[in-house]
Structures are given as structure tokens and as C-alpha cells.
>>> print(open('model_36.cif').read())   # mmCIF, C-alpha atoms
data_model
loop_
_atom_site.label_atom_id
_atom_site.label_comp_id
_atom_site.auth_asym_id
_atom_site.auth_seq_id
_atom_site.Cartn_x
_atom_site.Cartn_y
_atom_site.Cartn_z
CA MET A 16 51.15 101.96 99.59
CA ARG A 17 51.54 104.27 102.55
CA THR A 18 55.19 103.25 102.76
CA THR A 19 55.71 104.03 99.07
CA ASP A 20 54.04 107.42 99.43
CA SER A 21 56.08 108.35 102.44
CA SER A 22 59.31 107.18 100.84
CA ARG A 23 58.47 109.26 97.76
CA ALA A 24 57.83 112.26 99.98
CA ALA A 25 61.12 111.69 101.77
CA ASN A 26 62.95 111.44 98.45
CA SER A 27 61.22 114.56 97.26
CA GLU A 28 62.15 116.43 100.44
CA GLN A 29 65.71 115.21 100.11
CA ALA A 30 65.86 116.35 96.47
CA ARG A 31 64.49 119.72 97.50
CA GLU A 32 67.15 120.09 100.19
CA GLU A 33 69.86 119.11 97.73
CA ASP A 34 68.54 121.72 95.30
CA ARG A 35 68.61 124.36 98.00
CA GLU A 36 72.17 123.49 98.91
CA LEU A 37 73.22 123.73 95.25
CA LEU A 38 71.33 127.02 94.88
CA ARG A 39 73.12 128.36 97.98
CA ARG A 40 76.49 127.31 96.57
CA TYR A 41 75.72 128.98 93.26
CA HIS A 42 74.14 132.18 94.51
CA LYS A 43 76.26 132.75 97.62
CA ALA A 44 79.63 131.37 96.51
CA GLY A 45 79.36 131.73 92.75
CA ASP A 46 79.94 128.01 92.30
CA THR A 47 79.10 127.44 88.63
CA THR A 48 79.48 123.67 88.90
CA ALA A 49 76.52 123.77 91.31
CA ARG A 50 74.57 125.63 88.62
CA GLU A 51 75.48 123.00 86.04
CA GLU A 52 74.39 120.26 88.42
CA LEU A 53 71.06 122.02 88.98
CA ILE A 54 70.51 122.24 85.25
CA GLU A 55 71.33 118.56 84.86
CA ARG A 56 69.03 117.55 87.71
CA HIS A 57 66.06 119.41 86.24
CA LEU A 58 66.45 118.57 82.58
CA PRO A 59 63.97 115.67 82.93
CA LEU A 60 61.38 118.27 84.04
CA VAL A 61 62.17 120.35 80.94
CA ARG A 62 61.84 117.28 78.71
CA SER A 63 58.54 116.41 80.27
CA LEU A 64 57.15 119.93 79.75
CA ALA A 65 58.57 120.15 76.22
CA ARG A 66 56.76 116.96 75.21
CA ARG A 67 53.44 118.75 75.76
CA TYR A 68 54.34 121.09 72.92
CA ALA A 69 55.59 118.45 70.50
CA GLY A 70 53.88 118.05 67.14
CA ARG A 71 53.34 121.75 66.54
CA GLY A 72 55.86 122.19 63.78
CA GLU A 73 58.97 122.30 65.94
CA ALA A 74 61.42 119.47 66.60
CA LEU A 75 61.17 118.17 70.15
CA GLU A 76 64.88 118.71 70.78
CA ASP A 77 64.50 122.37 69.75
CA ILE A 78 61.62 122.80 72.19
CA GLU A 79 63.70 121.14 74.89
CA GLN A 80 66.55 123.55 74.23
CA VAL A 81 64.20 126.51 74.52
CA GLY A 82 62.75 125.05 77.70
CA ALA A 83 66.27 124.65 79.08
CA ILE A 84 66.78 128.38 78.64
CA GLY A 85 63.70 128.90 80.84
CA LEU A 86 65.20 126.55 83.41
CA ILE A 87 68.53 128.39 83.44
CA LYS A 88 66.72 131.71 83.87
CA ALA A 89 64.77 130.24 86.77
CA ILE A 90 67.97 129.02 88.43
CA ASP A 91 69.65 132.38 87.94
CA ARG A 92 66.68 134.35 89.23
CA PHE A 93 65.80 132.09 92.14
CA GLU A 94 65.84 133.90 95.46
CA LEU A 95 66.95 131.76 98.37
CA GLU A 96 64.36 133.33 100.64
CA ARG A 97 61.63 131.75 98.54
CA GLU A 98 59.67 129.01 100.21
CA VAL A 99 58.95 127.17 96.96
CA SER A 100 60.98 124.35 95.47
CA LEU A 101 63.09 125.03 92.40
CA ALA A 102 60.91 122.66 90.35
CA THR A 103 57.78 124.62 91.27
CA TYR A 104 59.48 127.91 90.50
CA ALA A 105 61.05 126.69 87.27
CA THR A 106 57.91 125.16 85.73
CA PRO A 107 56.18 128.43 84.73
CA ASN A 108 59.53 129.80 83.56
CA VAL A 109 60.10 126.82 81.29
CA VAL A 110 56.54 126.83 79.96
CA GLY A 111 56.69 130.60 79.48
CA GLU A 112 59.90 130.34 77.50
CA ILE A 113 58.44 127.63 75.27
CA LYS A 114 55.23 129.58 74.70
CA ARG A 115 57.18 132.73 73.93
CA HIS A 116 59.25 130.78 71.44
CA PHE A 117 56.12 129.58 69.63
CA ARG A 118 54.60 133.04 69.76
CA ASP A 119 57.74 134.69 68.39
CA LYS A 120 58.13 132.13 65.66
CA GLY A 121 54.41 132.09 65.25
CA TRP A 122 54.13 128.65 63.74
CA ALA A 123 50.38 128.43 64.16
CA ILE A 124 50.05 125.54 61.81
CA ARG A 125 52.14 122.48 61.27
CA VAL A 126 54.76 123.38 58.74
CA PRO A 127 57.32 120.93 57.37
CA ARG A 128 60.72 121.55 58.85
CA ALA A 129 62.38 121.89 55.44
CA LEU A 130 60.02 124.74 54.58
CA GLN A 131 60.59 126.40 57.94
CA GLU A 132 64.33 126.25 57.31
CA LEU A 133 63.93 127.58 53.80
CA ASN A 134 61.75 130.39 55.13
CA ALA A 135 64.37 131.18 57.75
CA SER A 136 67.17 131.31 55.19
CA MET A 137 65.10 133.42 52.77
CA SER A 138 65.42 136.55 54.87
CA GLY A 139 69.19 136.51 54.63
CA ALA A 140 69.09 135.65 50.94
CA ILE A 141 66.77 138.56 50.19
CA GLU A 142 68.98 140.97 52.12
CA ARG A 143 72.12 139.73 50.34
CA LEU A 144 70.50 139.90 46.91
CA THR A 145 68.96 143.31 47.55
CA GLY A 146 72.39 144.62 48.49
CA ARG A 147 74.03 142.98 45.50
CA LEU A 148 71.39 143.88 42.90
CA GLY A 149 70.29 147.23 44.30
CA ARG A 150 66.65 146.17 44.05
CA SER A 151 64.22 143.64 45.42
CA PRO A 152 65.14 140.22 43.95
CA SER A 153 62.82 138.08 41.89
CA ILE A 154 61.65 134.68 43.07
CA ALA A 155 63.88 133.00 40.50
CA GLU A 156 66.88 134.89 41.84
CA ILE A 157 66.06 133.92 45.42
CA ALA A 158 65.64 130.31 44.33
CA GLU A 159 68.99 130.35 42.58
CA GLU A 160 70.68 131.88 45.63
CA LEU A 161 69.21 129.18 47.86
CA LYS A 162 69.70 126.40 45.32
CA THR A 163 66.05 125.49 45.29
CA SER A 164 63.05 125.88 42.98
CA PRO A 165 60.87 129.00 42.58
CA GLU A 166 57.88 126.91 43.69
CA GLU A 167 59.57 126.06 46.96
CA VAL A 168 60.45 129.71 47.52
CA LEU A 169 56.80 130.65 46.99
CA GLU A 170 55.71 127.97 49.42
CA ALA A 171 58.25 129.16 51.96
CA MET A 172 56.95 132.72 51.52
CA GLU A 173 53.51 131.43 52.36
CA VAL A 174 54.90 129.67 55.40
CA GLY A 175 56.09 133.08 56.54
CA SER A 176 52.54 134.31 56.26
CA ALA A 177 51.23 131.41 58.29
CA TYR A 178 51.57 133.30 61.49
CA SER A 179 49.26 132.79 64.38
CA THR A 180 46.57 135.29 65.26
CA VAL A 181 48.55 136.24 68.34
CA SER A 182 50.01 139.68 67.86
CA LEU A 183 53.64 139.66 66.88
CA SER A 184 54.32 142.52 69.17
CA ALA A 185 53.00 144.50 72.01
CA GLY A 186 50.04 146.75 71.94
CA PRO A 187 50.41 150.09 73.64
CA SER A 188 48.93 148.63 76.76
CA GLY A 189 52.02 146.46 77.06
CA GLU A 190 49.93 143.38 77.72
CA GLU A 191 52.15 141.32 75.51
CA GLU A 192 55.87 141.21 75.38
CA LEU A 193 57.61 142.93 72.53
CA ASP A 194 58.74 140.87 69.63
CA PRO A 195 62.47 140.68 70.28
CA LEU A 196 63.19 141.37 66.63
CA GLU A 197 61.48 144.68 66.99
CA THR A 198 63.94 145.85 69.55
CA ILE A 199 66.72 145.58 67.01
CA GLY A 200 67.82 148.76 65.33
CA ASP A 201 68.05 152.37 66.28
CA GLU A 202 65.17 154.28 67.69
CA ASP A 203 63.47 156.25 65.00
CA THR A 204 62.15 159.63 65.91
CA GLY A 205 59.76 159.62 62.97
CA PHE A 206 56.90 158.28 65.00
CA GLU A 207 57.08 161.20 67.39
CA ARG A 208 56.84 163.47 64.36
CA SER A 209 53.76 161.75 63.03
CA GLU A 210 52.17 161.63 66.45
CA ASP A 211 52.69 165.36 66.88
CA ARG A 212 51.32 166.04 63.46
CA ALA A 213 47.98 164.36 63.72
CA ALA A 214 45.69 162.72 66.15
CA LEU A 215 45.81 159.09 65.18
CA GLU A 216 42.63 157.20 64.72
CA PRO A 217 41.85 154.62 67.42
CA ALA A 218 42.65 151.72 65.13
CA LEU A 219 46.20 152.98 64.66
CA GLU A 220 46.56 153.62 68.36
CA ARG A 221 46.18 149.92 69.01
CA LEU A 222 49.47 149.30 67.30
CA ALA A 223 52.89 149.50 68.87
CA PRO A 224 54.84 152.66 67.97
CA ARG A 225 57.25 150.89 65.65
CA GLU A 226 54.40 149.26 63.75
CA ARG A 227 52.69 152.62 63.35
CA GLU A 228 55.93 154.08 62.13
CA ILE A 229 56.33 151.27 59.60
CA LEU A 230 52.80 151.90 58.29
CA ARG A 231 53.50 155.62 58.11
CA MET A 232 56.69 155.05 56.13
CA ARG A 233 54.98 152.63 53.78
CA PHE A 234 51.67 154.37 53.16
CA GLU A 235 52.44 158.03 53.80
CA GLU A 236 56.02 158.33 52.66
CA GLY A 237 55.52 155.57 50.11
CA LEU A 238 58.85 153.98 50.96
CA PRO A 239 59.50 150.48 49.62
CA GLN A 240 59.86 147.65 52.12
CA THR A 241 63.59 147.41 51.45
CA GLN A 242 64.15 150.98 52.65
CA ILE A 243 61.83 150.58 55.62
CA ALA A 244 63.65 147.41 56.59
CA HIS A 245 66.95 149.28 56.45
CA ARG A 246 65.61 152.16 58.55
CA VAL A 247 64.09 150.09 61.32
CA GLY A 248 66.74 147.37 61.35
CA LEU A 249 64.44 144.49 60.49
CA SER A 250 64.46 142.10 57.57
CA GLN A 251 62.27 142.88 54.59
CA MET A 252 60.24 139.75 55.25
CA HIS A 253 59.63 140.84 58.81
CA VAL A 254 58.53 144.29 57.67
CA SER A 255 56.14 142.63 55.24
CA ARG A 256 54.64 140.49 58.00
CA LEU A 257 54.29 143.45 60.34
CA ILE A 258 52.50 145.49 57.68
CA ARG A 259 50.09 142.67 56.96
CA LYS A 260 49.53 141.98 60.63
CA SER A 261 49.05 145.64 61.51
CA LEU A 262 46.47 146.18 58.80
CA GLY A 263 44.61 143.12 60.05
CA ILE A 264 44.65 144.40 63.62
CA MET A 265 43.39 147.80 62.51
CA ARG A 266 40.57 146.17 60.60
CA GLU A 267 39.57 144.14 63.68
CA GLU A 268 39.58 147.32 65.74
CA LEU A 269 37.33 149.10 63.26
CA LEU A 270 34.85 146.25 63.33
CA ARG A 271 34.61 146.21 67.12
CA MET B 13 48.68 145.74 18.29
CA SER B 14 47.46 145.02 21.81
CA GLU B 15 49.41 142.76 24.11
CA ARG B 16 48.26 139.16 24.34
CA LEU B 17 47.17 138.38 27.89
CA GLU B 18 46.97 134.91 29.37
CA ARG B 19 43.83 134.47 31.46
CA ILE B 20 43.42 132.45 34.64
CA ASP B 21 40.09 132.18 36.42
CA LEU B 22 39.76 131.09 40.00
CA GLU B 23 36.77 130.67 42.24
CA ALA B 24 37.74 130.24 45.88
CA PRO B 25 36.07 130.05 49.25
CA LEU B 26 37.18 132.73 51.67
CA SER B 27 37.68 130.69 54.79
CA GLY B 28 41.09 131.14 56.42
CA ASP B 29 42.83 128.14 54.88
CA PHE B 30 41.87 129.04 51.34
CA GLN B 31 43.09 132.62 51.62
CA ALA B 32 46.55 131.12 51.92
CA VAL B 33 45.91 129.17 48.71
CA VAL B 34 44.83 132.37 46.95
CA ARG B 35 48.03 134.09 48.09
CA LEU B 36 50.10 131.16 46.85
CA ILE B 37 48.41 131.28 43.45
CA ILE B 38 48.95 135.01 43.18
CA GLY B 39 52.61 134.39 44.01
CA GLY B 40 52.87 131.73 41.32
CA ILE B 41 51.25 133.90 38.69
CA ALA B 42 53.33 136.97 39.52
CA GLU B 43 56.47 134.87 39.49
CA ARG B 44 55.78 133.99 35.86
CA VAL B 45 56.06 137.70 35.04
CA ASP B 46 59.28 137.76 37.03
CA PHE B 47 57.91 140.18 39.60
CA ALA B 48 60.28 141.04 42.40
CA PHE B 49 59.65 139.62 45.86
CA GLU B 50 58.35 143.00 47.00
CA GLU B 51 56.01 143.37 44.01
CA ILE B 52 54.51 139.96 44.66
CA ASP B 53 54.04 140.87 48.29
CA ASP B 54 52.32 144.11 47.23
CA LEU B 55 49.88 142.33 44.95
CA GLN B 56 49.10 139.71 47.58
CA LEU B 57 48.49 142.44 50.14
CA ALA B 58 46.21 144.36 47.74
CA VAL B 59 43.99 141.34 47.15
CA GLU B 60 44.04 140.33 50.80
CA ARG B 61 42.97 143.77 52.04
CA LEU B 62 40.40 144.18 49.29
CA LEU B 63 38.78 140.90 50.24
CA ALA B 64 38.97 141.61 53.97
CA GLU B 65 37.36 145.02 53.67
CA THR B 66 34.87 144.76 50.85
CA CYS B 67 33.84 141.17 50.32
CA ALA B 68 30.49 140.18 51.74
CA VAL B 69 30.15 136.70 50.29
CA ASP B 70 31.68 133.30 51.12
CA THR B 71 33.15 132.62 47.71
CA VAL B 72 35.02 135.00 45.48
CA GLN B 73 35.99 134.94 41.84
CA LEU B 74 39.38 136.12 40.75
CA ARG B 75 40.40 136.61 37.16
CA PHE B 76 44.07 137.13 36.41
CA GLU B 77 45.21 138.53 33.10
CA VAL B 78 48.90 138.08 32.70
CA GLY B 79 50.98 140.04 30.23
CA GLU B 80 54.70 140.34 29.69
CA ARG B 81 55.13 142.91 32.41
CA THR B 82 51.74 143.14 34.02
CA VAL B 83 49.24 141.25 36.13
CA ARG B 84 45.67 142.48 36.12
CA THR B 85 43.48 141.02 38.81
CA ARG B 86 39.71 141.31 38.78
CA VAL B 87 38.08 140.52 42.11
CA GLY B 88 34.37 140.13 42.77
CA PRO B 89 31.58 140.10 43.59
CA LEU B 90 32.16 142.70 46.26
CA SER B 91 29.78 144.68 48.43
CA GLU B 92 28.81 147.86 46.60
CA GLN B 93 28.40 149.73 49.85
CA LYS B 94 31.69 148.54 51.30
CA VAL B 95 33.58 149.30 48.09
CA SER B 96 32.05 152.74 48.02
CA GLU B 97 32.98 153.42 51.64
CA ALA B 98 36.49 152.01 51.38
CA LEU B 99 37.49 153.52 48.07
CA GLU B 100 35.60 156.80 48.10
CA ASN B 101 37.37 159.86 46.80
CA GLY B 102 38.60 162.71 48.88
CA GLU B 103 41.66 163.28 50.95
CA ARG B 104 41.66 161.91 54.46
CA PRO B 105 43.52 163.42 57.38
CA PRO B 106 47.09 162.23 57.94
CA GLY B 107 47.19 159.20 60.14
CA GLU B 108 44.05 157.71 58.65
CA LEU B 109 44.84 154.63 56.69
CA THR B 110 42.12 153.66 54.23
CA LEU B 111 41.95 150.82 51.74
CA ARG B 112 42.17 153.46 49.04
CA ARG B 113 45.51 154.60 50.38
CA VAL B 114 46.76 151.04 50.71
CA LEU B 115 45.83 150.26 47.09
CA GLN B 116 47.32 153.52 45.85
CA THR B 117 50.58 152.46 47.46
CA VAL B 118 50.79 148.81 46.49
CA VAL B 119 49.32 148.61 42.96
CA ASP B 120 49.82 150.79 39.92
CA SER B 121 46.13 151.38 39.32
CA PHE B 122 42.73 150.21 40.43
CA ALA B 123 39.20 150.70 39.21
CA VAL B 124 35.69 149.81 40.29
CA ASP B 125 33.42 148.15 37.78
CA GLN B 126 29.71 147.54 38.12
CA SER B 127 27.98 145.13 35.78
CA ALA B 128 24.43 145.53 34.48
CA ASP B 129 23.16 143.07 37.05
CA GLY B 130 24.69 145.12 39.85
CA ASP B 131 27.74 143.00 40.66
CA VAL B 132 30.68 145.10 41.79
CA THR B 133 34.20 144.06 40.90
CA VAL B 134 37.50 145.80 41.49
CA LEU B 135 40.29 145.66 38.95
CA LEU B 136 43.84 145.89 40.23
CA GLU B 137 46.79 146.37 37.94
CA LYS B 138 50.36 145.74 38.96
CA LEU B 139 53.23 146.41 36.59
CA LYS B 140 56.66 144.95 36.78
CA SER B 141 59.20 147.62 37.57
CA SER B 142 62.30 147.94 35.47
CA PRO B 143 64.44 146.17 34.63
#
>>> encode(input="model_36.cif", output="C-alpha cells")
Amino acid sequence: MRTTDSSRAANSEQAREEDRELLRRYHKAGDTTAREELIERHLPLVRSLARRYAGRGEALEDIEQVGAIGLIKAIDRFELEREVSLATYATPNVVGEIKRHFRDKGWAIRVPRALQELNASMSGAIERLTGRLGRSPSIAEIAEELKTSPEEVLEAMEVGSAYSTVSLSAGPSGEEELDPLETIGDEDTGFERSEDRAALEPALERLAPREREILRMRFEEGLPQTQIAHRVGLSQMHVSRLIRKSLGIMREELLR
Amino acid sequence: MSERLERIDLEAPLSGDFQAVVRLIIGGIAERVDFAFEEIDDLQLAVERLLAETCAVDTVQLRFEVGERTVRTRVGPLSEQKVSEALENGERPPGELTLRRVLQTVVDSFAVDQSADGDVTVLLEKLKSSP
């Protein structure tokens, strides 16, 4: 047993040295084949970590791909002066990337893949139809566009509402990372206007500026979701989710 | 001659899972009137916020009256005090977002009704926009 343990340790030490050599080649000499080899060597680690998140409404191979992005980031960011092994450094990066993926997608409940895909394609269909028709499309029109039934569209809409209780975006404290979708689009100066105009109640202050601005546009200006979506550079479905989420957060704040 | 309205009654628990069912049913009903995606979302949001802010019981009754271009939704029983607080008259300062303001934005009209035995219900009306 002692022999096995020591041979494992030797193998592990050897692997660590090989990693360091590859990292040196990549970071010092820009050798991208060394980077590819590092990725290949650590994919089993990614697969192992991804398996922990299987069965939560995402295909395992998709989770593995997301985890691989975390691995690549870890390789790219690794500093040679670090005393830790690449595997140790990469693990939180991989797990973080996977968790972020789930948080951003927000699949809090197990949702059939077909419905997830339909939900994902609905956003584009709504945008196309809104542009073509000059108004918000009906469910029947969305169904026709996506070659499915109105019932399935309704179910997919509900899937979109099945977001986790984790905030979709950062609070002003910056404790959570911003929803990447929210960084799309031009900065709107409207929020500054509204902030200058009135002291916002504490419940509103808990929201990120863009969410406050979306609420202001919807409930003060009375703009329809389609126009808000256009202004902030998000899809109409995403605007809808943010409104719902923001009102829920405000309610929680008021009850505290 | 008044419009003939189809009536659908629903009694639902308010635990998290069933709120999704309520939303789905609202979507199905509104789809029959050919509401736009945004109008359905508005009606769902109105009911969701109304329940979140004024309902004090575990089970709620919803009555839908469906016309050619309208869905009327009666929701109750609700807390008299909470309804009064959330829907009271009077302008609020800018930046304050009340249930009243939310409902004014997302439905065409709403009204509070109190029965003889004291039960408070709120009636929401959403009309299909043209065409």
C-alpha cells in the first residue's frame, strides 16, 4: 500500500512538473500547442466536475463545454510564480464557470430540453415577428413561426419564468456578477435623470441601475416591453423577466 | 345586447409550484382571445403581483370571464387591509412603485369589490388591443 501511495505521489509530482513545463512554454514562448496539450490533459478533471452538475436540466456535454471554458481561462490566467498546481488552480475556475452558467440560464427546475430549446428560439421569433408586424405577436403567430403548437409556446413561456431565486443581475453592492446580457446595448442616461429627479425608495435602490431604468420606462413612461427592449438592447422576453424579477426583489425588500 | 362571456373558475393553492400553473392557465385563456405575447405577460404579471401583495390565504379563487376581445379576472379572497394599502388613491412621489401603479400600467381597468360577508376581491380587466 505504501508503495502504491508513493508511486501515486511520484506520478502526481511528475504530472505537476509536466504541467509547469507546458505552462512555461505557453506563457513564456507563446507555444499554443502547449496550451492545447494542457487543455487535453485536464479535460478529465472538467468531466469529473461537470458530472456533479448533471441532471439539472442541462445536457452533460453542454456542462462539460462550459467547464472547459473555465479550464481555458485558468490556463490563460495562471501565473508561473504560483506555488499551486494547475489542477488546484483550475478547479474553482471550472466550478465557477459552471455555476455562472446555471445562474445565467437560471434553470432552477428540471426542464425538458425540447422546451428549453423552444424557449431559447422564442426570443428571436418574437423579435422577428415584432419587426415584421409592427406589434407584439400573438401566441398563434409565434407558434406558426416556430412550427409548433400554441400550447407548446405557452409552456415554453412558462419555462422562461422558471428562473431560480438567484438574482439575474447584480445588486448595487456588486456582490453578484452582472448578467452578461445586461451589458449588451448602449448606456442609457435615463437612469441618471430619474435618480436626479427623486430620491428612490430603498426597495428600488436594491436593484441594479439598468433594472431601475427598465421599471421607470415601463411604469413611469408607460412604454411597452417592445420599446424598452429596443432601448436597452435586450430581448422582449428578457425585459419581461427582469421586470418580474425586479418587482419580486422590491417586494422582498419591503417585507424585510 | 350584452356580450356573451365564457366563464372559467379556478381554485388554486398559492405555493410556488402552483403559481406557475396559474400563470400557464392565464396564458391559455388569454391565447384564446388572441392576446399578443405582451398582453398575456401583462395579465400574468397583474395577477402575480396582486397575489403577492394582497393575498393572505393559502388558496385563492380566480374567475375568468372571457369575451371576444376581453379577459376579466376576479381574484379573491384578498386581505382588506393589504388591498387598501396597496391600491389606495393619491399620487405617490416619482420613484415609488406601488401595486396601484403596476396595475394601472398592465391592465385596462381594475376595481375592488367587497361582498356582504366581508370578502374582498379585485377585478382586473384586460382588453385586446387592435387589430
>>> atom_distance(input="model_36.cif", atom1="atom CA of Leu101 of chain A", atom2="atom CA of Phe117 of chain A")
24.2 Å
>>> resolve_selection(input="model_36.cif", expression="the PyMOL selection byres ((chain B and resi 90) around 10)", output="PyMOL selection string")
chain B and resi 62-63+65-69+72-73+87-89+91-95+124+126+131-134
>>> residues_around(input="model_36.cif", residues="Arg84 of chain B", least_positions_apart="5", cutoff="12 Å", atoms="only C-alpha atoms", output="ChimeraX atom specification")
/B:17-21,38,41-42,45,55,58-59,74-79,119-123,134-140
>>> residues_around(input="model_36.cif", residues="Glu236 of chain A", least_positions_apart="6", cutoff="10 Å", atoms="all atoms listed in the file", output="PyMOL selection string")
(chain A and resi 229-230) or (chain B and resi 117)
>>> resolve_selection(input="model_36.cif", expression="the PyMOL selection byres ((chain B) within 10 of (chain A))", output="NGL selection string")
:B and (29 or 32-33 or 35-40 or 42-54 or 56-57 or 60-61 or 64-65 or 105-111 or 113-118 or 141-143)
>>> atom_distance(input="model_36.cif", atom1="atom CA of Lys162 of chain A", atom2="atom CA of Arg81 of chain B")
25.5 Å
>>> residues_near_point(input="model_36.cif", point="(67.1, 116.5, 89.8)", cutoff="10 Å", atoms="only C-alpha atoms", output="ChimeraX atom specification")
/A:27,30-31,33-34,52-60,101-102
>>> resolve_selection(input="model_36.cif", expression="the PyMOL selection byres ((chain A and resi 37) around 10)", output="PDB file with C-alpha atoms, keeping the file's coordinate frame")
ATOM      1  CA  ARG A  31      64.490 119.720  97.500  1.00  0.00           C
ATOM      2  CA  GLU A  32      67.150 120.090 100.190  1.00  0.00           C
ATOM      3  CA  GLU A  33      69.860 119.110  97.730  1.00  0.00           C
ATOM      4  CA  ASP A  34      68.540 121.720  95.300  1.00  0.00           C
ATOM      5  CA  ARG A  35      68.610 124.360  98.000  1.00  0.00           C
ATOM      6  CA  GLU A  36      72.170 123.490  98.910  1.00  0.00           C
ATOM      7  CA  LEU A  38      71.330 127.020  94.880  1.00  0.00           C
ATOM      8  CA  ARG A  39      73.120 128.360  97.980  1.00  0.00           C
ATOM      9  CA  ARG A  40      76.490 127.310  96.570  1.00  0.00           C
ATOM     10  CA  TYR A  41      75.720 128.980  93.260  1.00  0.00           C
ATOM     11  CA  HIS A  42      74.140 132.180  94.510  1.00  0.00           C
ATOM     12  CA  LYS A  43      76.260 132.750  97.620  1.00  0.00           C
ATOM     13  CA  ASP A  46      79.940 128.010  92.300  1.00  0.00           C
ATOM     14  CA  THR A  47      79.100 127.440  88.630  1.00  0.00           C
ATOM     15  CA  THR A  48      79.480 123.670  88.900  1.00  0.00           C
ATOM     16  CA  ALA A  49      76.520 123.770  91.310  1.00  0.00           C
ATOM     17  CA  ARG A  50      74.570 125.630  88.620  1.00  0.00           C
ATOM     18  CA  GLU A  51      75.480 123.000  86.040  1.00  0.00           C
ATOM     19  CA  GLU A  52      74.390 120.260  88.420  1.00  0.00           C
ATOM     20  CA  LEU A  53      71.060 122.020  88.980  1.00  0.00           C
TER      21      LEU A  53
END
>>> atom_distance(input="model_36.cif", atom1="atom CA of Leu86 of chain A", atom2="atom CA of Arg62 of chain A")
10.9 Å
>>> axis_aligned_box(input="model_36.cif", around="segment 253-269 of chain A", padding_each_side="5 Å", output="lines of an AutoDock Vina configuration file")
center_x = 48.5
center_y = 144.8
center_z = 60.5
size_x = 32.3
size_y = 18.6
size_z = 20.5
>>> residues_around(input="model_36.cif", residues="Ser250 of chain A", least_positions_apart="2", cutoff="8 Å", atoms="all atoms listed in the file", output="short mmCIF file (atom, residue, chain, number, x, y, z; two decimals) with C-alpha atoms, keeping the file's coordinate frame")
data_model
loop_
_atom_site.label_atom_id
_atom_site.label_comp_id
_atom_site.auth_asym_id
_atom_site.auth_seq_id
_atom_site.Cartn_x
_atom_site.Cartn_y
_atom_site.Cartn_z
CA SER A 138 65.42 136.55 54.87
CA GLY A 139 69.19 136.51 54.63
CA GLU A 142 68.98 140.97 52.12
CA ALA A 244 63.65 147.41 56.59
CA HIS A 245 66.95 149.28 56.45
CA GLY A 248 66.74 147.37 61.35
CA MET A 252 60.24 139.75 55.25
CA HIS A 253 59.63 140.84 58.81
CA VAL A 254 58.53 144.29 57.67
#
>>> decode(input="model_36.cif", residues="segment 146-163 of chain A", atoms="N, CA and C atoms", output="PDB file, in the first residue's frame")
ATOM      1  N   GLY A 146     -40.793  42.994 -35.497  1.00  0.00           N
ATOM      2  CA  GLY A 146     -40.283  43.841 -36.573  1.00  0.00           C
ATOM      3  C   GLY A 146     -41.154  43.755 -37.817  1.00  0.00           C
ATOM      4  N   ARG A 147     -41.584  42.522 -38.123  1.00  0.00           N
ATOM      5  CA  ARG A 147     -42.363  42.306 -39.343  1.00  0.00           C
ATOM      6  C   ARG A 147     -43.789  42.852 -39.218  1.00  0.00           C
ATOM      7  N   LEU A 148     -44.395  42.644 -38.036  1.00  0.00           N
ATOM      8  CA  LEU A 148     -45.809  43.010 -37.863  1.00  0.00           C
ATOM      9  C   LEU A 148     -45.987  44.434 -37.318  1.00  0.00           C
ATOM     10  N   GLY A 149     -44.932  44.954 -36.706  1.00  0.00           N
ATOM     11  CA  GLY A 149     -45.044  46.277 -36.098  1.00  0.00           C
ATOM     12  C   GLY A 149     -45.814  46.269 -34.802  1.00  0.00           C
ATOM     13  N   ARG A 150     -45.945  45.125 -34.201  1.00  0.00           N
ATOM     14  CA  ARG A 150     -46.639  44.969 -32.913  1.00  0.00           C
ATOM     15  C   ARG A 150     -46.188  43.669 -32.270  1.00  0.00           C
ATOM     16  N   SER A 151     -46.566  43.515 -30.994  1.00  0.00           N
ATOM     17  CA  SER A 151     -46.237  42.273 -30.306  1.00  0.00           C
ATOM     18  C   SER A 151     -47.039  41.121 -30.932  1.00  0.00           C
ATOM     19  N   PRO A 152     -46.399  40.017 -31.269  1.00  0.00           N
ATOM     20  CA  PRO A 152     -47.127  38.927 -31.941  1.00  0.00           C
ATOM     21  C   PRO A 152     -48.033  38.147 -30.983  1.00  0.00           C
ATOM     22  N   SER A 153     -49.003  37.484 -31.548  1.00  0.00           N
ATOM     23  CA  SER A 153     -49.856  36.614 -30.731  1.00  0.00           C
ATOM     24  C   SER A 153     -49.153  35.270 -30.552  1.00  0.00           C
ATOM     25  N   ILE A 154     -49.686  34.479 -29.649  1.00  0.00           N
ATOM     26  CA  ILE A 154     -49.108  33.148 -29.411  1.00  0.00           C
ATOM     27  C   ILE A 154     -49.223  32.289 -30.674  1.00  0.00           C
ATOM     28  N   ALA A 155     -50.373  32.409 -31.349  1.00  0.00           N
ATOM     29  CA  ALA A 155     -50.575  31.615 -32.568  1.00  0.00           C
ATOM     30  C   ALA A 155     -49.532  31.988 -33.614  1.00  0.00           C
ATOM     31  N   GLU A 156     -49.230  33.274 -33.703  1.00  0.00           N
ATOM     32  CA  GLU A 156     -48.239  33.722 -34.692  1.00  0.00           C
ATOM     33  C   GLU A 156     -46.831  33.219 -34.339  1.00  0.00           C
ATOM     34  N   ILE A 157     -46.537  33.232 -33.044  1.00  0.00           N
ATOM     35  CA  ILE A 157     -45.219  32.714 -32.617  1.00  0.00           C
ATOM     36  C   ILE A 157     -45.142  31.219 -32.920  1.00  0.00           C
ATOM     37  N   ALA A 158     -46.245  30.526 -32.642  1.00  0.00           N
ATOM     38  CA  ALA A 158     -46.283  29.077 -32.874  1.00  0.00           C
ATOM     39  C   ALA A 158     -46.071  28.773 -34.354  1.00  0.00           C
ATOM     40  N   GLU A 159     -46.738  29.561 -35.191  1.00  0.00           N
ATOM     41  CA  GLU A 159     -46.608  29.342 -36.632  1.00  0.00           C
ATOM     42  C   GLU A 159     -45.168  29.595 -37.081  1.00  0.00           C
ATOM     43  N   GLU A 160     -44.583  30.655 -36.562  1.00  0.00           N
ATOM     44  CA  GLU A 160     -43.191  30.997 -36.910  1.00  0.00           C
ATOM     45  C   GLU A 160     -42.234  29.861 -36.531  1.00  0.00           C
ATOM     46  N   LEU A 161     -42.519  29.246 -35.374  1.00  0.00           N
ATOM     47  CA  LEU A 161     -41.612  28.211 -34.871  1.00  0.00           C
ATOM     48  C   LEU A 161     -42.071  26.796 -35.233  1.00  0.00           C
ATOM     49  N   LYS A 162     -43.138  26.753 -36.022  1.00  0.00           N
ATOM     50  CA  LYS A 162     -43.686  25.466 -36.478  1.00  0.00           C
ATOM     51  C   LYS A 162     -43.970  24.541 -35.294  1.00  0.00           C
ATOM     52  N   THR A 163     -44.698  25.090 -34.350  1.00  0.00           N
ATOM     53  CA  THR A 163     -45.088  24.295 -33.190  1.00  0.00           C
ATOM     54  C   THR A 163     -46.519  24.685 -32.804  1.00  0.00           C
TER      55      THR A 163
END
